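Chemist: Have a look at this one before I ask anything.
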Amino acid sequence: MAFKFFLLSALIAVASAGLLPVAVKHVEYAEAPAEYQFQYSVHDDHTGDIKSQQEERHGDNVVGQYTLIDADGYRRVVDYTADEHNGFNAVVRREPLTQKVVKAVKVVAPVQHYVSAPVVHKVALPVAKVAYPTYYHH
């Protein structure tokens, strides 16, 4: 039994040392320029969150735009490009909105619960004078 344990331990030690040949499959991927395109937008009247973005990439060239509504009521529009030679460049414009965006605010005031004390009416009751006999033991 000790021999089997020794043999198993030796086999594990050799395998973990990397002395046994290990089959490694090396996968080559073709070099291809990155290509993607996406866009999204949010228009939530309840919170006033209004924004959008679109972007596309062809190789090392990226072109995109995003917009959002600033707190002062202007729309910020950012057009941007990025490439290997010029780096990242952005042009920012601010445009007044044609209609005012009003953020809906829900005000919740704490509810105060008042518990009224029981009402006590004072009523004059007739007082009866009762004389009780007293017994003295001598």
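Ordering of the structure tokens sets the chain letters (A, B, ...); residue numbers start at 1 within each chain; ligands are numbered from 1 in the order shown.
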Applying 7 Å and only C-alpha atoms, which residues near Thr67 in chain A remain after dropping the ones on its own chain fewer than 4 positions away? List them as a PyMOL selection string.
Modeler: chain A and resi 51-53+75-78
Chemist: So which one's closest to Asp70 in chain A, A:Val91, A:Leu7, A:Ile50, A:Val24? Using only C-alpha atoms, please.
Modeler: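 Ranked by minimum distance to Asp70 in chain A, first place goes to A:Ile50.
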Chemist: Fewer than 6 positions away in the same chain doesn't count, so skip those; otherwise give me all residues within 12 Å of His58 in chain A, counting only C-alpha atoms, as an MDAnalysis selection string.
Modeler: chainID A and resid 32:37 64 81:84
